[in-house]
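Coordinates as given in my_file.cif (mmCIF, N, CA and C atoms):
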```
data_entry
loop_
_atom_site.label_atom_id
_atom_site.label_comp_id
_atom_site.auth_asym_id
_atom_site.auth_seq_id
_atom_site.Cartn_x
_atom_site.Cartn_y
_atom_site.Cartn_z
N MET A 1 74.52 54.65 61.62
CA MET A 1 73.26 55.36 61.62
C MET A 1 72.17 54.41 62.12
N GLU A 2 71.36 54.91 63.02
CA GLU A 2 70.26 54.12 63.59
C GLU A 2 69.08 54.05 62.61
N LEU A 3 68.29 53.00 62.71
CA LEU A 3 67.12 52.85 61.83
C LEU A 3 66.16 54.02 61.97
N THR A 4 65.98 54.51 63.19
CA THR A 4 65.07 55.64 63.42
C THR A 4 65.61 56.92 62.77
N ASP A 5 66.94 57.06 62.68
CA ASP A 5 67.54 58.22 62.01
C ASP A 5 67.21 58.21 60.52
N ILE A 6 67.25 57.03 59.92
CA ILE A 6 66.92 56.90 58.50
C ILE A 6 65.47 57.29 58.27
N LEU A 7 64.57 56.78 59.10
CA LEU A 7 63.14 57.11 58.96
C LEU A 7 62.90 58.61 59.10
N ALA A 8 63.61 59.24 60.01
CA ALA A 8 63.44 60.68 60.24
C ALA A 8 63.91 61.50 59.03
N LYS A 9 64.83 60.96 58.24
CA LYS A 9 65.36 61.69 57.08
C LYS A 9 64.56 61.46 55.81
N LEU A 10 63.60 60.54 55.84
CA LEU A 10 62.81 60.30 54.63
C LEU A 10 62.10 61.58 54.18
N PRO A 11 62.15 61.89 52.90
CA PRO A 11 61.55 63.13 52.41
C PRO A 11 60.07 62.99 52.03
N TYR A 12 59.36 62.12 52.72
CA TYR A 12 57.95 61.86 52.44
C TYR A 12 57.13 62.08 53.69
N SER A 13 55.84 62.34 53.49
CA SER A 13 54.91 62.38 54.61
C SER A 13 53.59 61.77 54.14
N LYS A 14 52.71 61.48 55.09
CA LYS A 14 51.41 60.92 54.73
C LYS A 14 50.67 61.95 53.89
N PRO A 15 50.00 61.56 52.88
CA PRO A 15 49.59 60.21 52.52
C PRO A 15 50.55 59.49 51.57
N PHE A 16 51.76 60.04 51.36
CA PHE A 16 52.68 59.42 50.40
C PHE A 16 53.89 58.79 51.07
N LEU A 17 53.79 58.46 52.33
CA LEU A 17 54.84 57.73 53.04
C LEU A 17 54.43 56.27 53.12
N PHE A 18 55.25 55.39 52.55
CA PHE A 18 54.93 53.97 52.51
C PHE A 18 55.98 53.13 53.24
N VAL A 19 56.41 53.62 54.39
CA VAL A 19 57.36 52.90 55.24
C VAL A 19 56.84 53.01 56.67
N ASP A 20 56.54 51.87 57.30
CA ASP A 20 56.15 51.87 58.71
C ASP A 20 57.35 51.64 59.62
N GLU A 21 58.19 50.67 59.23
CA GLU A 21 59.32 50.35 60.08
C GLU A 21 60.44 49.75 59.25
N LEU A 22 61.66 49.99 59.69
CA LEU A 22 62.83 49.34 59.10
C LEU A 22 63.25 48.22 60.04
N LEU A 23 63.53 47.07 59.45
CA LEU A 23 63.92 45.90 60.23
C LEU A 23 65.43 45.72 60.26
N HIS A 24 66.09 46.12 59.16
CA HIS A 24 67.52 45.87 59.02
C HIS A 24 68.09 46.80 57.96
N VAL A 25 69.30 47.26 58.16
CA VAL A 25 70.04 47.96 57.10
C VAL A 25 71.53 47.75 57.33
N ASP A 26 72.25 47.53 56.24
CA ASP A 26 73.71 47.50 56.26
C ASP A 26 74.19 47.99 54.90
N GLU A 27 75.47 47.92 54.62
CA GLU A 27 76.00 48.50 53.39
C GLU A 27 75.55 47.76 52.13
N ASN A 28 74.93 46.60 52.27
CA ASN A 28 74.51 45.82 51.11
C ASN A 28 73.01 45.56 51.01
N SER A 29 72.25 45.83 52.08
CA SER A 29 70.84 45.46 52.04
C SER A 29 70.01 46.26 53.04
N VAL A 30 68.69 46.19 52.83
CA VAL A 30 67.74 46.83 53.74
C VAL A 30 66.45 46.02 53.70
N SER A 31 65.73 46.01 54.81
CA SER A 31 64.40 45.44 54.82
C SER A 31 63.50 46.29 55.72
N GLY A 32 62.23 46.35 55.33
CA GLY A 32 61.27 47.14 56.08
C GLY A 32 59.86 46.69 55.77
N THR A 33 58.90 47.27 56.50
CA THR A 33 57.51 46.87 56.36
C THR A 33 56.59 48.06 56.14
N TYR A 34 55.41 47.75 55.61
CA TYR A 34 54.35 48.74 55.48
C TYR A 34 53.02 48.00 55.45
N THR A 35 52.00 48.58 56.08
CA THR A 35 50.65 48.05 56.01
C THR A 35 49.78 49.05 55.26
N TYR A 36 49.12 48.57 54.20
CA TYR A 36 48.25 49.41 53.38
C TYR A 36 46.89 49.54 54.06
N SER A 37 46.68 50.64 54.74
CA SER A 37 45.43 50.90 55.45
C SER A 37 44.26 50.97 54.46
N GLU A 38 43.14 50.41 54.85
CA GLU A 38 41.96 50.39 53.97
C GLU A 38 41.41 51.78 53.68
N ASP A 39 41.81 52.79 54.45
CA ASP A 39 41.29 54.13 54.21
C ASP A 39 42.16 54.96 53.25
N LEU A 40 43.18 54.35 52.65
CA LEU A 40 43.98 55.07 51.66
C LEU A 40 43.09 55.45 50.47
N ASP A 41 43.24 56.66 50.01
CA ASP A 41 42.33 57.25 49.04
C ASP A 41 42.24 56.48 47.73
N PHE A 42 43.33 55.88 47.27
CA PHE A 42 43.30 55.22 45.96
C PHE A 42 42.41 53.99 45.94
N TYR A 43 42.12 53.41 47.10
CA TYR A 43 41.25 52.23 47.13
C TYR A 43 39.81 52.56 46.71
N LYS A 44 39.41 53.84 46.81
CA LYS A 44 38.05 54.22 46.44
C LYS A 44 37.76 53.97 44.96
N GLY A 45 38.79 54.03 44.14
CA GLY A 45 38.56 53.87 42.70
C GLY A 45 39.37 52.78 42.04
N HIS A 46 40.17 52.06 42.79
CA HIS A 46 41.03 51.01 42.20
C HIS A 46 40.84 49.71 42.94
N PHE A 47 39.95 48.96 42.69
CA PHE A 47 38.87 49.02 41.71
C PHE A 47 37.56 49.16 42.45
N LYS A 48 36.51 49.72 41.81
CA LYS A 48 35.23 49.89 42.47
C LYS A 48 34.75 48.55 43.01
N ASP A 49 34.40 48.54 44.28
CA ASP A 49 33.84 47.37 44.96
C ASP A 49 34.79 46.18 45.05
N ASN A 50 36.04 46.33 44.63
CA ASN A 50 37.04 45.26 44.73
C ASN A 50 38.42 45.91 44.84
N PRO A 51 38.72 46.58 45.97
CA PRO A 51 39.95 47.35 46.07
C PRO A 51 41.21 46.48 46.03
N VAL A 52 42.16 46.93 45.20
CA VAL A 52 43.47 46.30 45.05
C VAL A 52 44.50 47.42 45.02
N THR A 53 45.64 47.18 45.64
CA THR A 53 46.71 48.18 45.65
C THR A 53 47.30 48.32 44.24
N PRO A 54 47.35 49.54 43.70
CA PRO A 54 47.90 49.73 42.35
C PRO A 54 49.38 49.36 42.29
N GLY A 55 49.78 48.84 41.14
CA GLY A 55 51.18 48.47 40.93
C GLY A 55 52.14 49.63 41.11
N VAL A 56 51.72 50.82 40.74
CA VAL A 56 52.58 51.98 40.90
C VAL A 56 52.83 52.27 42.38
N ILE A 57 51.85 52.00 43.24
CA ILE A 57 52.03 52.19 44.68
C ILE A 57 52.94 51.10 45.25
N LEU A 58 52.80 49.86 44.76
CA LEU A 58 53.71 48.80 45.18
C LEU A 58 55.14 49.15 44.79
N THR A 59 55.32 49.67 43.57
CA THR A 59 56.65 50.07 43.11
C THR A 59 57.19 51.20 43.97
N GLU A 60 56.35 52.18 44.28
CA GLU A 60 56.78 53.30 45.13
C GLU A 60 57.19 52.82 46.51
N THR A 61 56.45 51.89 47.08
CA THR A 61 56.78 51.34 48.40
C THR A 61 58.14 50.66 48.35
N MET A 62 58.37 49.87 47.29
CA MET A 62 59.65 49.19 47.14
C MET A 62 60.78 50.19 46.96
N ALA A 63 60.51 51.28 46.25
CA ALA A 63 61.53 52.31 46.05
C ALA A 63 61.83 53.05 47.35
N GLN A 64 60.79 53.39 48.13
CA GLN A 64 61.03 54.11 49.38
C GLN A 64 61.86 53.28 50.35
N ILE A 65 61.51 51.99 50.49
CA ILE A 65 62.27 51.14 51.42
C ILE A 65 63.58 50.69 50.78
N GLY A 66 63.49 50.15 49.56
CA GLY A 66 64.64 49.49 48.95
C GLY A 66 65.69 50.40 48.37
N LEU A 67 65.31 51.59 47.94
CA LEU A 67 66.28 52.53 47.38
C LEU A 67 66.58 53.70 48.32
N VAL A 68 65.52 54.42 48.71
CA VAL A 68 65.73 55.65 49.47
C VAL A 68 66.30 55.36 50.86
N CYS A 69 65.71 54.42 51.59
CA CYS A 69 66.23 54.11 52.93
C CYS A 69 67.67 53.61 52.86
N LEU A 70 67.94 52.71 51.89
CA LEU A 70 69.31 52.22 51.74
C LEU A 70 70.24 53.35 51.31
N GLY A 71 69.78 54.20 50.39
CA GLY A 71 70.59 55.33 49.94
C GLY A 71 70.92 56.29 51.06
N ILE A 72 69.96 56.59 51.92
CA ILE A 72 70.21 57.46 53.07
C ILE A 72 71.31 56.85 53.95
N TYR A 73 71.20 55.56 54.19
CA TYR A 73 72.23 54.87 55.00
C TYR A 73 73.60 54.95 54.32
N LEU A 74 73.65 54.68 53.02
CA LEU A 74 74.93 54.68 52.30
C LEU A 74 75.55 56.07 52.24
N LEU A 75 74.72 57.11 52.09
CA LEU A 75 75.25 58.47 52.03
C LEU A 75 75.66 58.99 53.41
N GLY A 76 75.07 58.45 54.46
CA GLY A 76 75.44 58.84 55.83
C GLY A 76 75.27 60.32 56.06
N ASP A 77 76.30 60.96 56.59
CA ASP A 77 76.23 62.38 56.93
C ASP A 77 76.16 63.30 55.72
N THR A 78 76.46 62.79 54.53
CA THR A 78 76.37 63.64 53.35
C THR A 78 74.93 63.80 52.85
N PHE A 79 73.99 62.99 53.41
CA PHE A 79 72.58 63.16 53.08
C PHE A 79 72.04 64.30 53.92
N THR A 80 71.56 65.36 53.25
CA THR A 80 71.03 66.54 53.93
C THR A 80 69.69 66.93 53.33
N LYS A 81 69.12 68.01 53.83
CA LYS A 81 67.86 68.51 53.29
C LYS A 81 68.03 68.99 51.85
N ASP A 82 69.26 69.20 51.41
CA ASP A 82 69.53 69.62 50.04
C ASP A 82 69.77 68.46 49.08
N THR A 83 69.68 67.25 49.58
CA THR A 83 69.86 66.08 48.71
C THR A 83 68.61 65.86 47.87
N VAL A 84 68.81 65.71 46.59
CA VAL A 84 67.73 65.48 45.64
C VAL A 84 67.69 63.99 45.32
N ILE A 85 66.49 63.42 45.37
CA ILE A 85 66.29 62.00 45.09
C ILE A 85 65.51 61.89 43.79
N ALA A 86 66.02 61.07 42.86
CA ALA A 86 65.34 60.87 41.58
C ALA A 86 65.24 59.38 41.28
N PHE A 87 64.04 58.92 41.01
CA PHE A 87 63.80 57.55 40.59
C PHE A 87 64.14 57.47 39.11
N THR A 88 65.02 56.54 38.71
CA THR A 88 65.47 56.53 37.31
C THR A 88 64.97 55.36 36.49
N SER A 89 64.76 54.19 37.10
CA SER A 89 64.26 53.07 36.30
C SER A 89 63.69 51.96 37.17
N ALA A 90 62.78 51.18 36.55
CA ALA A 90 62.17 50.04 37.22
C ALA A 90 61.90 48.95 36.20
N ASP A 91 62.18 47.73 36.58
CA ASP A 91 61.82 46.56 35.80
C ASP A 91 61.11 45.63 36.78
N MET A 92 59.78 45.66 36.77
CA MET A 92 58.99 45.01 37.81
C MET A 92 58.21 43.81 37.27
N GLN A 93 58.01 42.84 38.16
CA GLN A 93 57.10 41.72 37.90
C GLN A 93 56.08 41.70 39.03
N PHE A 94 54.81 41.75 38.68
CA PHE A 94 53.73 41.70 39.67
C PHE A 94 53.16 40.29 39.67
N LEU A 95 53.19 39.63 40.83
CA LEU A 95 52.88 38.21 40.91
C LEU A 95 51.57 37.91 41.62
N LYS A 96 51.19 38.72 42.61
CA LYS A 96 49.96 38.51 43.39
C LYS A 96 49.39 39.87 43.75
N PRO A 97 48.08 39.97 43.90
CA PRO A 97 47.49 41.24 44.34
C PRO A 97 47.78 41.50 45.82
N VAL A 98 47.78 42.78 46.16
CA VAL A 98 47.90 43.22 47.55
C VAL A 98 46.62 43.98 47.87
N TYR A 99 45.94 43.55 48.92
CA TYR A 99 44.64 44.09 49.29
C TYR A 99 44.74 45.06 50.46
N PRO A 100 43.69 45.84 50.71
CA PRO A 100 43.67 46.73 51.87
C PRO A 100 43.94 45.95 53.16
N ASN A 101 44.63 46.59 54.07
CA ASN A 101 45.00 46.06 55.39
C ASN A 101 46.06 44.95 55.35
N GLU A 102 46.69 44.73 54.19
CA GLU A 102 47.77 43.76 54.12
C GLU A 102 49.08 44.41 54.53
N LYS A 103 49.85 43.66 55.32
CA LYS A 103 51.19 44.09 55.70
C LYS A 103 52.18 43.39 54.79
N ILE A 104 53.09 44.16 54.22
CA ILE A 104 54.11 43.60 53.34
C ILE A 104 55.49 43.84 53.93
N THR A 105 56.44 43.05 53.47
CA THR A 105 57.84 43.24 53.82
C THR A 105 58.63 43.38 52.54
N VAL A 106 59.47 44.40 52.48
CA VAL A 106 60.33 44.64 51.33
C VAL A 106 61.76 44.35 51.73
N THR A 107 62.45 43.59 50.88
CA THR A 107 63.86 43.30 51.07
C THR A 107 64.60 43.74 49.82
N SER A 108 65.70 44.45 50.01
CA SER A 108 66.46 44.98 48.89
C SER A 108 67.93 44.62 49.03
N GLN A 109 68.53 44.17 47.92
CA GLN A 109 69.96 43.85 47.87
C GLN A 109 70.61 44.83 46.90
N LYS A 110 71.66 45.49 47.34
CA LYS A 110 72.38 46.44 46.50
C LYS A 110 73.09 45.70 45.37
N ALA A 111 72.86 46.15 44.14
CA ALA A 111 73.62 45.65 42.98
C ALA A 111 74.86 46.51 42.80
N PHE A 112 74.66 47.85 42.85
CA PHE A 112 75.81 48.76 42.86
C PHE A 112 75.40 50.13 43.37
N PHE A 113 76.40 50.86 43.85
CA PHE A 113 76.22 52.24 44.29
C PHE A 113 77.48 53.00 43.90
N ARG A 114 77.36 53.83 42.85
CA ARG A 114 78.48 54.63 42.36
C ARG A 114 78.00 56.01 41.92
N PHE A 115 78.78 57.02 42.27
CA PHE A 115 78.51 58.39 41.84
C PHE A 115 77.06 58.81 42.13
N GLY A 116 76.54 58.35 43.26
CA GLY A 116 75.20 58.71 43.67
C GLY A 116 74.10 57.87 43.04
N LYS A 117 74.45 56.94 42.14
CA LYS A 117 73.44 56.09 41.52
C LYS A 117 73.40 54.75 42.26
N LEU A 118 72.19 54.37 42.66
CA LEU A 118 71.97 53.13 43.40
C LEU A 118 71.04 52.23 42.59
N LYS A 119 71.45 50.98 42.43
CA LYS A 119 70.63 49.98 41.74
C LYS A 119 70.49 48.79 42.66
N CYS A 120 69.25 48.28 42.78
CA CYS A 120 68.96 47.21 43.74
C CYS A 120 68.02 46.16 43.15
N ASP A 121 68.17 44.94 43.65
CA ASP A 121 67.21 43.87 43.41
C ASP A 121 66.27 43.87 44.61
N VAL A 122 64.97 44.05 44.35
CA VAL A 122 64.02 44.26 45.43
C VAL A 122 62.89 43.23 45.34
N ILE A 123 62.49 42.70 46.50
CA ILE A 123 61.40 41.73 46.58
C ILE A 123 60.40 42.19 47.64
N MET A 124 59.10 42.08 47.32
CA MET A 124 58.05 42.35 48.29
C MET A 124 57.32 41.05 48.57
N LYS A 125 57.12 40.76 49.87
CA LYS A 125 56.39 39.56 50.27
C LYS A 125 55.21 39.94 51.16
N ASN A 126 54.16 39.13 51.10
CA ASN A 126 53.03 39.34 51.99
C ASN A 126 53.29 38.63 53.32
N GLU A 127 52.34 38.71 54.24
CA GLU A 127 52.54 38.12 55.56
C GLU A 127 52.67 36.60 55.53
N ALA A 128 52.16 35.97 54.47
CA ALA A 128 52.29 34.52 54.32
C ALA A 128 53.66 34.14 53.76
N GLY A 129 54.49 35.15 53.46
CA GLY A 129 55.82 34.89 52.92
C GLY A 129 55.84 34.68 51.42
N GLN A 130 54.72 34.95 50.75
CA GLN A 130 54.64 34.80 49.31
C GLN A 130 55.14 36.06 48.61
N GLU A 131 55.89 35.89 47.54
CA GLU A 131 56.32 37.04 46.75
C GLU A 131 55.11 37.63 46.04
N VAL A 132 54.91 38.93 46.20
CA VAL A 132 53.82 39.60 45.50
C VAL A 132 54.35 40.41 44.33
N CYS A 133 55.58 40.88 44.42
CA CYS A 133 56.24 41.52 43.29
C CYS A 133 57.74 41.55 43.54
N LYS A 134 58.47 41.72 42.46
CA LYS A 134 59.93 41.79 42.54
C LYS A 134 60.43 42.54 41.33
N GLY A 135 61.65 43.01 41.43
CA GLY A 135 62.20 43.73 40.30
C GLY A 135 63.54 44.36 40.58
N ILE A 136 63.98 45.12 39.60
CA ILE A 136 65.22 45.86 39.69
C ILE A 136 64.85 47.34 39.66
N LEU A 137 65.27 48.07 40.68
CA LEU A 137 64.99 49.50 40.78
C LEU A 137 66.29 50.28 40.81
N ALA A 138 66.27 51.48 40.25
CA ALA A 138 67.46 52.33 40.28
C ALA A 138 67.04 53.77 40.53
N GLY A 139 67.95 54.52 41.15
CA GLY A 139 67.71 55.92 41.43
C GLY A 139 69.00 56.66 41.64
N MET A 140 68.88 57.99 41.70
CA MET A 140 70.04 58.87 41.91
C MET A 140 69.80 59.71 43.16
N MET A 141 70.87 59.96 43.89
CA MET A 141 70.83 60.87 45.03
C MET A 141 72.01 61.81 44.91
N THR A 142 71.71 63.08 44.70
CA THR A 142 72.76 64.09 44.56
C THR A 142 72.39 65.32 45.35
N ASN A 143 73.39 66.12 45.66
CA ASN A 143 73.15 67.37 46.36
C ASN A 143 72.95 68.49 45.36
N ARG A 144 72.02 69.41 45.69
CA ARG A 144 71.79 70.57 44.83
C ARG A 144 73.07 71.39 44.75
N LEU A 145 73.26 71.99 43.62
CA LEU A 145 74.46 72.82 43.44
C LEU A 145 74.29 74.19 44.03
#
```
Whole structure, structure tokens version:
Amino acid sequence: MELTDILAKLPYSKPFLFVDELLHVDENSVSGTYTYSEDLDFYKGHFKDNPVTPGVILTETMAQIGLVCLGIYLLGDTFTKDTVIAFTSADMQFLKPVYPNEKITVTSQKAFFRFGKLKCDVIMKNEAGQEVCKGILAGMMTNRL
């Protein structure tokens, strides 16, 4: 499966799409990038006069790249419009703030993938190569009955 095919299958659209490009994917890992545009709506209130990307958005970005993109690749042709994606758990550490207009890179390593459940070790780095957050994320991908 081509990287562009994975992007086309993502079940998100703006303003809730947090994947700009995929750099690599194989059966054990994925990496991709996203730039947080300064005009994203949440910056208006988080925080007033000192915008910082919310941790929940950082976690969502890591899940979209590190779980969903990898899951789409792993499911291959069995991933369809009827596939349901559910985020099941996160254990995150936030190490540095991410500001408007920052480009980040997410790298994810598969811990396991069984019965539609995917668990990954995920790291987000800023353009300087510094870790801004990391954690363990898990989710389920199943087809509707």
To verify the selection step, state as a PyMOL selection string which residues the PyMOL selection byres ((chain A and resi 142) around 7) yields on this input.
-> chain A and resi 82-86+116+140-141+143-145
Using the chain letters and numbers from the file, which residues does the PyMOL selection byres (((chain A and resi 51-68 and name CA) around 6) and name CA) grab, as a VMD selection string?
-> chain A and resid 18 43 46 to 47 50 69 to 71 98 to 99 108
Spatial neighbours of Thr35 (chain A), 12 Å, only C-alpha atoms, chain gap at least 4 places, as a PyMOL selection string | chain A and resi 17-21+39-40+53+58+61+98-106+125-127
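The space separating CA of Glu2 (chain A) from CA of Thr88 (chain A) comes to 26.8 Å.
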Could you tell me which residues the PyMOL selection byres ((chain A and resi 28) around 7) returns for this structure, as a PyMOL selection string?
-> chain A and resi 25-27+29-30+108-111
Got time to write the residues from that selection, N, CA and C atoms, as a PDB file, keeping the file's coordinate frame?
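Full text of selection_28.pdb as output:
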```pdb
ATOM      1  N   VAL A  25      69.300  47.260  58.160  1.00  0.00           N
ATOM      2  CA  VAL A  25      70.040  47.960  57.100  1.00  0.00           C
ATOM      3  C   VAL A  25      71.530  47.750  57.330  1.00  0.00           C
ATOM      4  N   ASP A  26      72.250  47.530  56.240  1.00  0.00           N
ATOM      5  CA  ASP A  26      73.710  47.500  56.260  1.00  0.00           C
ATOM      6  C   ASP A  26      74.190  47.990  54.900  1.00  0.00           C
ATOM      7  N   GLU A  27      75.470  47.920  54.620  1.00  0.00           N
ATOM      8  CA  GLU A  27      76.000  48.500  53.390  1.00  0.00           C
ATOM      9  C   GLU A  27      75.550  47.760  52.130  1.00  0.00           C
ATOM     10  N   SER A  29      72.250  45.830  52.080  1.00  0.00           N
ATOM     11  CA  SER A  29      70.840  45.460  52.040  1.00  0.00           C
ATOM     12  C   SER A  29      70.010  46.260  53.040  1.00  0.00           C
ATOM     13  N   VAL A  30      68.690  46.190  52.830  1.00  0.00           N
ATOM     14  CA  VAL A  30      67.740  46.830  53.740  1.00  0.00           C
ATOM     15  C   VAL A  30      66.450  46.020  53.700  1.00  0.00           C
ATOM     16  N   SER A 108      65.700  44.450  50.010  1.00  0.00           N
ATOM     17  CA  SER A 108      66.460  44.980  48.890  1.00  0.00           C
ATOM     18  C   SER A 108      67.930  44.620  49.030  1.00  0.00           C
ATOM     19  N   GLN A 109      68.530  44.170  47.920  1.00  0.00           N
ATOM     20  CA  GLN A 109      69.960  43.850  47.870  1.00  0.00           C
ATOM     21  C   GLN A 109      70.610  44.830  46.900  1.00  0.00           C
ATOM     22  N   LYS A 110      71.660  45.490  47.340  1.00  0.00           N
ATOM     23  CA  LYS A 110      72.380  46.440  46.500  1.00  0.00           C
ATOM     24  C   LYS A 110      73.090  45.700  45.370  1.00  0.00           C
ATOM     25  N   ALA A 111      72.860  46.150  44.140  1.00  0.00           N
ATOM     26  CA  ALA A 111      73.620  45.650  42.980  1.00  0.00           C
ATOM     27  C   ALA A 111      74.860  46.510  42.800  1.00  0.00           C
TER      28      ALA A 111
END
```
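For Glu131 (chain A), the non-local neighbours within 8 Å, defined as residues at least 2 positions apart in the same chain or in other chains and counting all atoms listed in the file, are Phe94, Leu95, Lys96, Pro97, Ile123, Met124, Lys125, Asn126, Ala128, Gly129, Cys133 and Lys134 of chain A.
The space separating CA of Phe79 (chain A) from CA of Leu10 (chain A) comes to 10.3 Å.
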Taken to one decimal, the atom N of Val122 (chain A)-atom N of Ser13 (chain A) distance is 22.4 Å
In chain A, DSSP strand (DSSP E) residues written as a ChimeraX atom specification | /A:21-25,29-35,83-94,103-114,117-125,131-143
Mind listing the helix (DSSP H, G or I) residues of region 44-108 of chain A, per DSSP on the backbone, as a ChimeraX atom specification?
-> /A:44,55-78
Residue subset to file, keeping N, CA and C atoms, as a PDB file, keeping the file's coordinate frame:
```pdb
ATOM      1  N   LYS A  44      39.410  53.840  46.810  1.00  0.00           N
ATOM      2  CA  LYS A  44      38.050  54.220  46.440  1.00  0.00           C
ATOM      3  C   LYS A  44      37.760  53.970  44.960  1.00  0.00           C
ATOM      4  N   GLY A  55      49.780  48.840  41.140  1.00  0.00           N
ATOM      5  CA  GLY A  55      51.180  48.470  40.930  1.00  0.00           C
ATOM      6  C   GLY A  55      52.140  49.630  41.110  1.00  0.00           C
ATOM      7  N   VAL A  56      51.720  50.820  40.740  1.00  0.00           N
ATOM      8  CA  VAL A  56      52.580  51.980  40.900  1.00  0.00           C
ATOM      9  C   VAL A  56      52.830  52.270  42.380  1.00  0.00           C
ATOM     10  N   ILE A  57      51.850  52.000  43.240  1.00  0.00           N
ATOM     11  CA  ILE A  57      52.030  52.190  44.680  1.00  0.00           C
ATOM     12  C   ILE A  57      52.940  51.100  45.250  1.00  0.00           C
ATOM     13  N   LEU A  58      52.800  49.860  44.760  1.00  0.00           N
ATOM     14  CA  LEU A  58      53.710  48.800  45.180  1.00  0.00           C
ATOM     15  C   LEU A  58      55.140  49.150  44.790  1.00  0.00           C
ATOM     16  N   THR A  59      55.320  49.670  43.570  1.00  0.00           N
ATOM     17  CA  THR A  59      56.650  50.070  43.110  1.00  0.00           C
ATOM     18  C   THR A  59      57.190  51.200  43.970  1.00  0.00           C
ATOM     19  N   GLU A  60      56.350  52.180  44.280  1.00  0.00           N
ATOM     20  CA  GLU A  60      56.780  53.300  45.130  1.00  0.00           C
ATOM     21  C   GLU A  60      57.190  52.820  46.510  1.00  0.00           C
ATOM     22  N   THR A  61      56.450  51.890  47.080  1.00  0.00           N
ATOM     23  CA  THR A  61      56.780  51.340  48.400  1.00  0.00           C
ATOM     24  C   THR A  61      58.140  50.660  48.350  1.00  0.00           C
ATOM     25  N   MET A  62      58.370  49.870  47.290  1.00  0.00           N
ATOM     26  CA  MET A  62      59.650  49.190  47.140  1.00  0.00           C
ATOM     27  C   MET A  62      60.780  50.190  46.960  1.00  0.00           C
ATOM     28  N   ALA A  63      60.510  51.280  46.250  1.00  0.00           N
ATOM     29  CA  ALA A  63      61.530  52.310  46.050  1.00  0.00           C
ATOM     30  C   ALA A  63      61.830  53.050  47.350  1.00  0.00           C
ATOM     31  N   GLN A  64      60.790  53.390  48.130  1.00  0.00           N
ATOM     32  CA  GLN A  64      61.030  54.110  49.380  1.00  0.00           C
ATOM     33  C   GLN A  64      61.860  53.280  50.350  1.00  0.00           C
ATOM     34  N   ILE A  65      61.510  51.990  50.490  1.00  0.00           N
ATOM     35  CA  ILE A  65      62.270  51.140  51.420  1.00  0.00           C
ATOM     36  C   ILE A  65      63.580  50.690  50.780  1.00  0.00           C
ATOM     37  N   GLY A  66      63.490  50.150  49.560  1.00  0.00           N
ATOM     38  CA  GLY A  66      64.640  49.490  48.950  1.00  0.00           C
ATOM     39  C   GLY A  66      65.690  50.400  48.370  1.00  0.00           C
ATOM     40  N   LEU A  67      65.310  51.590  47.940  1.00  0.00           N
ATOM     41  CA  LEU A  67      66.280  52.530  47.380  1.00  0.00           C
ATOM     42  C   LEU A  67      66.580  53.700  48.320  1.00  0.00           C
ATOM     43  N   VAL A  68      65.520  54.420  48.710  1.00  0.00           N
ATOM     44  CA  VAL A  68      65.730  55.650  49.470  1.00  0.00           C
ATOM     45  C   VAL A  68      66.300  55.360  50.860  1.00  0.00           C
ATOM     46  N   CYS A  69      65.710  54.420  51.590  1.00  0.00           N
ATOM     47  CA  CYS A  69      66.230  54.110  52.930  1.00  0.00           C
ATOM     48  C   CYS A  69      67.670  53.610  52.860  1.00  0.00           C
ATOM     49  N   LEU A  70      67.940  52.710  51.890  1.00  0.00           N
ATOM     50  CA  LEU A  70      69.310  52.220  51.740  1.00  0.00           C
ATOM     51  C   LEU A  70      70.240  53.350  51.310  1.00  0.00           C
ATOM     52  N   GLY A  71      69.780  54.200  50.390  1.00  0.00           N
ATOM     53  CA  GLY A  71      70.590  55.330  49.940  1.00  0.00           C
ATOM     54  C   GLY A  71      70.920  56.290  51.060  1.00  0.00           C
ATOM     55  N   ILE A  72      69.960  56.590  51.920  1.00  0.00           N
ATOM     56  CA  ILE A  72      70.210  57.460  53.070  1.00  0.00           C
ATOM     57  C   ILE A  72      71.310  56.850  53.950  1.00  0.00           C
ATOM     58  N   TYR A  73      71.200  55.560  54.190  1.00  0.00           N
ATOM     59  CA  TYR A  73      72.230  54.870  55.000  1.00  0.00           C
ATOM     60  C   TYR A  73      73.600  54.950  54.320  1.00  0.00           C
ATOM     61  N   LEU A  74      73.650  54.680  53.020  1.00  0.00           N
ATOM     62  CA  LEU A  74      74.930  54.680  52.300  1.00  0.00           C
ATOM     63  C   LEU A  74      75.550  56.070  52.240  1.00  0.00           C
ATOM     64  N   LEU A  75      74.720  57.110  52.090  1.00  0.00           N
ATOM     65  CA  LEU A  75      75.250  58.470  52.030  1.00  0.00           C
ATOM     66  C   LEU A  75      75.660  58.990  53.410  1.00  0.00           C
ATOM     67  N   GLY A  76      75.070  58.450  54.460  1.00  0.00           N
ATOM     68  CA  GLY A  76      75.440  58.840  55.830  1.00  0.00           C
ATOM     69  C   GLY A  76      75.270  60.320  56.060  1.00  0.00           C
ATOM     70  N   ASP A  77      76.300  60.960  56.590  1.00  0.00           N
ATOM     71  CA  ASP A  77      76.230  62.380  56.930  1.00  0.00           C
ATOM     72  C   ASP A  77      76.160  63.300  55.720  1.00  0.00           C
ATOM     73  N   THR A  78      76.460  62.790  54.530  1.00  0.00           N
ATOM     74  CA  THR A  78      76.370  63.640  53.350  1.00  0.00           C
ATOM     75  C   THR A  78      74.930  63.800  52.850  1.00  0.00           C
TER      76      THR A  78
END
```
For Ile136 (chain A): contacts at 8 Å, only N, CA and C atoms, fewer than 2 positions along chain excluded, given as a list in words = Ser89, Ala90, Asp91, Met92, Gln93, Lys119, Cys120, Asp121, Val122, Ile123, Lys134, Ala138 and Gly139 of chain A
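Using only C-alpha atoms, the nearest neighbour of Phe115 (chain A) within the list A:Thr80, A:Leu22, A:Leu74, A:Phe87 is A:Leu74.
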So which one's closest to Tyr73 (chain A), A:Leu137, A:Pro15, A:Asp5, A:Asp41? Using all atoms listed in the file, please.
-> A:Asp5
